[in-house]
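So the structure is just underneath, and the comments pick up after that.
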Amino acid sequence: MDFSLSTDDRAIQSLAHDFVRREIVPVAARHDLLASFPHAVVAKARELGLMNLGLPPEYGGCGAGALTVAAVAEELAWGCAGIAACIMLNDMVALPLLLAGTSDQQAKYFDLLRGGVAAYALTEPDAGSDAAAIGTLATRTARGYRLTGRKTWISHAPEAGFFVVFAKTDPEAGSHGISAFLVDRAFAGVSVGTPLPKMGQRASSAAELTLSDVEVPAEALLGAEGEGFTLAMNVFDRSRSMVAAFGVGVAQRALDEAVAYADTRVAFGRPIKSHEGIGFKLAEIGMRTEAARLLTQKAAWLADAGRSSTLAAAYAKTFAADTAMWAAVEAVQVFGGHGYSQDYPVEKLMRDAKLLQIYEGTNEIQRVVMARELTGGRAWQNR
Ligand SMILES: Cc1cc2nc3c(=O)[nH]c(=O)nc-3n(C[C@H](O)[C@H](O)[C@H](O)COP(=O)(O)OP(=O)(O)OC[C@H]3O[C@@H](n4cnc5c(N)ncnc54)[C@H](O)[C@@H]3O)c2cc1C
């Protein structure tokens with residue numbers, strides 16, 4: 001295994017590192033407070049080539065693999081996990097197009113990704129973890145399909161130009177009856193709710209998406225009929241290393257903030273870093289963050305190598321999200337009373353980290369995946 005990045009990829013990582021300090025850190029608290037989508041930051045990231053990294057070069061990307069995407073995602077999330085999501089979600093939406101899109105679909109929708117943002121619409125009010133239980137229907141018509149249903153918690157729905165929507169084409173066939181569709185926001189019958197109020201990652205929006213008898217052409221079908229669930233799971237195998245990288249970024253920020261504070265805060269006549277109880281906390285955050293980074297890199301590397309990464313991606317997403325949450329709580333503790341104040345950056349890390357344990361498949365569902373892989377005789381493929 002070799003997790004090192006090429007010279008070009010290291011240059012992108014370094015660009016992201018500098019971008020975060022210059023463009024994200026100064027505005028992160030304001031976007032968090034106002035729950036405002038960071039249009040200006042996203043525009044600058046797009047201009048610099050930090051968005052749509054996975055798109056082929058002819059569509060304005062750099063054909064980046066999961067390892068490079070993870071390296072950039074970690075840098076961006078160090079600055080703000082919510083803003084990182086605003087910049088990186090397009091890369092998740094590009095995945096089903098890369099895996100199953102026709103050349104016409106890729107040409108049209110990669111172009112839309114280049115100029116805007118898009119959303120991935122699987123979750124419904126009555127079906128989240130149990131994705132096979134979605135109720136959105138796609139019925140055949142003379143021209144294509146008619147979509148009816150309601151999606152919820154769809155990140156960037158308020159800003160999205162199009163949606164990858166999962167719907168049942170054969171309601172009797174369970175997960176084998178689900179298909180994926182490319183749905184333009186401009187299609188009649190598509191409506192988006194107001195942004196949902198949320199605890200963390202508040203720069204990134206999420207809203208309901210309602211499909212009221214939306215007529216889509218046959219060319220809107222993404223991949224084969226009935227293969228939408230498999231497509232969604234294949235996307236998660238690749239995108240979970242990106243979410244894991246968000247966790248690593250948040251945990252690293254918690255460590256960096258805690259180290260800096262422990263260096264200057266004095267208690268009992270000396271910097272608190274020299275009290276063993278604090279020093280051990282820093283050591284533990286550093287150790288777990290590095291372990292999360294290695295799991296993330298391994299999951300990404302397996303995906304890039306075209307090998308099975310289901311188990312590795314579940315390990316990485318779960319461990320990194322749990323590490324981010326735990327590290328943020330520990331950082332708040334290191335800051336003492338100041339840690340509880342919105343004048344310091346660590347309470348936001350706690351709120352941002354919590355979401356990492358919930359979206360992209362909850363950490364409970366990841367453990368279901370791990371148990372299934374470990375007992376299904378396929379675990380050796382992930383080593
Ligand atoms: C801010 C935000 C952004 C999101 N963005 C998107 C998006 O862009 N696109 C999208 O499609 N979805 C998105 N989601 C939805 C997210 O993926 C779901 O919330 C998540 O999958 C959990 O589904 P649920 O909320 O319905 O919880 P439920 O499925 O109702 O689960 C409730 C609890 O039960 C646990 N549970 C359920 N089943 C099991 C089981 N078998 N074993 C053990 N525990 C179990 C869960 O882990 C959870 O703790 C987003 C959610 C949020 C909050």
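Order determines the names: the first chain of the structure tokens is A, the second B, and so forth; residues in each chain are numbered 1 upward, and ligands are numbered 1 upward as they are shown.
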
Could you build a table of the residues in chain A lying no more than 10 Å from ligand 1, giving for each the nearest pair of atoms and their separation in Å rounded to one decimal place, using only C-alpha atoms and all ligand atoms, ordered by chain and ascending residue number, as CSV?
```
residue,atom,partner,partner_atom_place_in_ligand_line,distance
A:Gly82,CA,ligand 1,1 (C),9.4
A:Ala85,CA,ligand 1,3 (C),9.7
A:Leu89,CA,ligand 1,8 (O),8.1
A:Met92,CA,ligand 1,8 (O),9.4
A:Val93,CA,ligand 1,8 (O),9.3
A:Ala118,CA,ligand 1,8 (O),9.5
A:Ala119,CA,ligand 1,8 (O),6.1
A:Tyr120,CA,ligand 1,9 (N),4.9
A:Ala121,CA,ligand 1,11 (O),4.2
A:Leu122,CA,ligand 1,11 (O),3.5
A:Thr123,CA,ligand 1,11 (O),3.9
A:Glu124,CA,ligand 1,26 (O),7.0
A:Pro125,CA,ligand 1,26 (O),6.6
A:Asp126,CA,ligand 1,26 (O),6.5
A:Ala127,CA,ligand 1,26 (O),5.3
A:Gly128,CA,ligand 1,26 (O),3.2
A:Ser129,CA,ligand 1,29 (O),3.6
A:Asp130,CA,ligand 1,29 (O),5.9
A:Ala131,CA,ligand 1,21 (O),8.0
A:Lys151,CA,ligand 1,11 (O),7.5
A:Thr152,CA,ligand 1,12 (N),6.9
A:Trp153,CA,ligand 1,50 (C),4.5
A:Ile154,CA,ligand 1,8 (O),4.0
A:Ser155,CA,ligand 1,8 (O),3.7
A:His156,CA,ligand 1,8 (O),7.0
A:Ala157,CA,ligand 1,8 (O),7.9
A:Phe163,CA,ligand 1,9 (N),9.8
A:Val164,CA,ligand 1,11 (O),9.3
A:Val165,CA,ligand 1,11 (O),8.6
A:Phe166,CA,ligand 1,11 (O),8.7
A:Leu196,CA,ligand 1,1 (C),8.2
A:Pro197,CA,ligand 1,1 (C),8.9
A:Lys198,CA,ligand 1,1 (C),6.7
A:Met199,CA,ligand 1,1 (C),8.4
A:Gly200,CA,ligand 1,1 (C),7.8
A:Gln201,CA,ligand 1,1 (C),7.3
A:Arg202,CA,ligand 1,1 (C),8.3
A:Ser204,CA,ligand 1,1 (C),7.9
A:Ser205,CA,ligand 1,1 (C),7.5
A:Ala206,CA,ligand 1,3 (C),5.7
A:Ala207,CA,ligand 1,3 (C),8.4
A:Glu208,CA,ligand 1,9 (N),9.9
A:Ala232,CA,ligand 1,11 (O),9.7
A:Asp352,CA,ligand 1,1 (C),9.7
A:Lys354,CA,ligand 1,53 (C),9.4
A:Leu355,CA,ligand 1,53 (C),6.3
A:Leu356,CA,ligand 1,2 (C),9.0
A:Gln357,CA,ligand 1,47 (O),8.8
A:Ile358,CA,ligand 1,20 (C),5.5
A:Tyr359,CA,ligand 1,17 (O),3.9
A:Glu360,CA,ligand 1,17 (O),4.9
A:Gly361,CA,ligand 1,21 (O),4.4
A:Thr362,CA,ligand 1,47 (O),4.7
A:Asn363,CA,ligand 1,47 (O),6.2
A:Glu364,CA,ligand 1,47 (O),4.4
A:Ile365,CA,ligand 1,47 (O),5.6
A:Gln366,CA,ligand 1,47 (O),8.6
A:Arg367,CA,ligand 1,43 (C),8.0
A:Val368,CA,ligand 1,42 (N),6.4
A:Val369,CA,ligand 1,41 (N),9.6
```

* Who sits within 10 Å of segment 282-293 of chain A, only C-alpha atoms, same chain under 4 positions skipped, as a PyMOL selection string -> chain A and resi 70-71+74+241+244-245+247-256+258-259+262+273+276-278+297-299+315-324+326-328+330-331+334

Go ahead and save the picked residues with N, CA and C atoms, as a short mmCIF file (atom, residue, chain, number, x, y, z; two decimals), in the first residue's frame.
```cif
data_model
loop_
_atom_site.label_atom_id
_atom_site.label_comp_id
_atom_site.auth_asym_id
_atom_site.auth_seq_id
_atom_site.Cartn_x
_atom_site.Cartn_y
_atom_site.Cartn_z
N ALA A 70 -9.84 12.84 -0.64
CA ALA A 70 -9.79 12.78 0.83
C ALA A 70 -8.78 13.78 1.38
N ALA A 71 -7.65 13.92 0.71
CA ALA A 71 -6.62 14.86 1.20
C ALA A 71 -7.16 16.29 1.18
N GLU A 74 -9.97 16.74 3.88
CA GLU A 74 -9.43 16.94 5.23
C GLU A 74 -9.00 18.40 5.43
N SER A 241 -15.13 7.64 2.22
CA SER A 241 -13.77 8.06 2.59
C SER A 241 -13.68 9.59 2.59
N ALA A 244 -15.19 10.51 5.90
CA ALA A 244 -14.18 10.15 6.91
C ALA A 244 -13.11 11.25 6.96
N ALA A 245 -12.71 11.74 5.79
CA ALA A 245 -11.69 12.79 5.74
C ALA A 245 -12.18 14.07 6.41
N GLY A 247 -14.02 14.06 8.98
CA GLY A 247 -13.81 13.74 10.39
C GLY A 247 -12.36 13.94 10.80
N VAL A 248 -11.44 13.52 9.95
CA VAL A 248 -10.01 13.69 10.25
C VAL A 248 -9.69 15.19 10.34
N GLY A 249 -10.26 15.97 9.42
CA GLY A 249 -10.00 17.41 9.43
C GLY A 249 -10.51 18.05 10.72
N VAL A 250 -11.71 17.67 11.14
CA VAL A 250 -12.28 18.23 12.38
C VAL A 250 -11.43 17.81 13.59
N ALA A 251 -11.04 16.53 13.62
CA ALA A 251 -10.24 16.04 14.75
C ALA A 251 -8.88 16.74 14.79
N GLN A 252 -8.27 16.94 13.62
CA GLN A 252 -6.96 17.62 13.56
C GLN A 252 -7.09 19.07 14.05
N ARG A 253 -8.20 19.72 13.67
CA ARG A 253 -8.42 21.10 14.13
C ARG A 253 -8.58 21.13 15.65
N ALA A 254 -9.33 20.13 16.17
CA ALA A 254 -9.52 20.05 17.62
C ALA A 254 -8.16 19.91 18.30
N LEU A 255 -7.30 19.08 17.74
CA LEU A 255 -5.96 18.89 18.30
C LEU A 255 -5.16 20.19 18.23
N ASP A 256 -5.15 20.82 17.06
CA ASP A 256 -4.34 22.03 16.89
C ASP A 256 -4.81 23.14 17.82
N ALA A 258 -6.44 22.73 20.67
CA ALA A 258 -6.18 22.33 22.06
C ALA A 258 -4.70 22.51 22.40
N VAL A 259 -3.82 22.14 21.47
CA VAL A 259 -2.38 22.29 21.71
C VAL A 259 -2.03 23.77 21.90
N ALA A 262 -3.43 25.03 25.24
CA ALA A 262 -2.74 24.44 26.39
C ALA A 262 -1.34 25.03 26.57
N LYS A 273 -0.48 22.60 29.51
CA LYS A 273 0.05 21.46 28.75
C LYS A 273 1.00 20.63 29.61
N GLU A 276 -0.15 16.65 33.54
CA GLU A 276 -0.23 15.36 32.84
C GLU A 276 -1.65 15.06 32.33
N GLY A 277 -2.65 15.47 33.11
CA GLY A 277 -4.04 15.21 32.71
C GLY A 277 -4.38 15.85 31.37
N ILE A 278 -3.79 17.01 31.08
CA ILE A 278 -4.02 17.69 29.80
C ILE A 278 -3.10 17.10 28.72
N GLN A 297 -7.23 6.87 4.48
CA GLN A 297 -6.36 6.71 3.30
C GLN A 297 -6.45 5.29 2.75
N LYS A 298 -6.57 4.31 3.64
CA LYS A 298 -6.64 2.93 3.15
C LYS A 298 -7.94 2.70 2.37
N ALA A 299 -9.05 3.21 2.91
CA ALA A 299 -10.34 3.03 2.21
C ALA A 299 -10.28 3.70 0.83
N TYR A 315 -15.29 1.14 8.20
CA TYR A 315 -14.35 1.36 9.32
C TYR A 315 -13.93 2.83 9.37
N ALA A 316 -13.52 3.34 8.20
CA ALA A 316 -12.97 4.70 8.15
C ALA A 316 -14.01 5.74 8.53
N LYS A 317 -15.20 5.63 7.92
CA LYS A 317 -16.25 6.63 8.18
C LYS A 317 -16.61 6.62 9.67
N THR A 318 -16.79 5.44 10.22
CA THR A 318 -17.23 5.33 11.61
C THR A 318 -16.14 5.81 12.57
N PHE A 319 -14.94 5.31 12.37
CA PHE A 319 -13.87 5.65 13.30
C PHE A 319 -13.53 7.14 13.22
N ALA A 320 -13.50 7.68 12.00
CA ALA A 320 -13.15 9.09 11.86
C ALA A 320 -14.24 9.99 12.43
N ALA A 321 -15.51 9.64 12.18
CA ALA A 321 -16.61 10.46 12.72
C ALA A 321 -16.62 10.38 14.25
N ASP A 322 -16.44 9.18 14.78
CA ASP A 322 -16.42 9.04 16.25
C ASP A 322 -15.21 9.77 16.84
N THR A 323 -14.09 9.70 16.14
CA THR A 323 -12.88 10.40 16.62
C THR A 323 -13.09 11.91 16.61
N ALA A 324 -13.71 12.41 15.53
CA ALA A 324 -13.96 13.85 15.44
C ALA A 324 -14.85 14.30 16.60
N TRP A 326 -15.42 12.82 19.52
CA TRP A 326 -14.74 12.65 20.80
C TRP A 326 -13.64 13.71 20.98
N ALA A 327 -12.88 13.94 19.90
CA ALA A 327 -11.78 14.91 19.97
C ALA A 327 -12.32 16.32 20.22
N ALA A 328 -13.44 16.65 19.59
CA ALA A 328 -14.03 17.98 19.78
C ALA A 328 -14.48 18.16 21.23
N GLU A 330 -13.23 16.65 23.83
CA GLU A 330 -12.01 16.77 24.63
C GLU A 330 -11.39 18.16 24.48
N ALA A 331 -11.44 18.71 23.26
CA ALA A 331 -10.87 20.05 23.05
C ALA A 331 -11.66 21.08 23.85
N VAL A 334 -10.40 20.91 27.30
CA VAL A 334 -9.08 21.55 27.46
C VAL A 334 -9.24 23.07 27.57
#
```

* To do: Using only C-alpha atoms, find the one residue out of A:Ala16, A:Leu209, A:Ala300, A:Leu311 that sits nearest to Thr194 of chain A.
  => A:Leu209

* Residues flagged strand (DSSP E or B) by DSSP in segment 96-315 of chain A, as a PyMOL selection string -> chain A and resi 119-121+124+127+137-140+144-155+162-168+178-184+190-192+206-217+221-222+266-267+270-271

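Closest approach to His338 of chain A among A:Val190, A:Tyr109, A:Tyr261, A:Ala167: A:Tyr261, based on only C-alpha atoms.
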
* **Residue list (alpha helix (DSSP H), DSSP) for segment 72-172 of chain A, as an NGL selection string** => :A and (72-79 or 81-100 or 103-115)

* Taking into account only C-alpha atoms, which residue in the set A:Met51, A:Leu182, A:Met325, A:Leu294 is nearest to Thr102 of chain A? -> A:Leu182

* Structure fact -> Val266 of chain A proximity check over A:Leu302, A:Leu113, A:Val329, A:Gly336, using only C-alpha atoms: winner is A:Gly336

* Structure fact -> From the list A:Gly49, A:Gly144, A:Gly115, A:Gly337, the nearest residue to Arg265 of chain A using only C-alpha atoms is A:Gly337

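The shortest atom-to-atom distance to His176 of chain A, with only C-alpha atoms taken into account, belongs to A:Leu231 out of A:Leu76, A:Leu53, A:Leu231, A:Val192.
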
* Skip His39 of chain A itself and residues of its chain fewer than 6 positions away, then list as a VMD selection string all residues within 10 Å of it, counting only C-alpha atoms. => chain A and resid 45 83 86 to 87 159 203
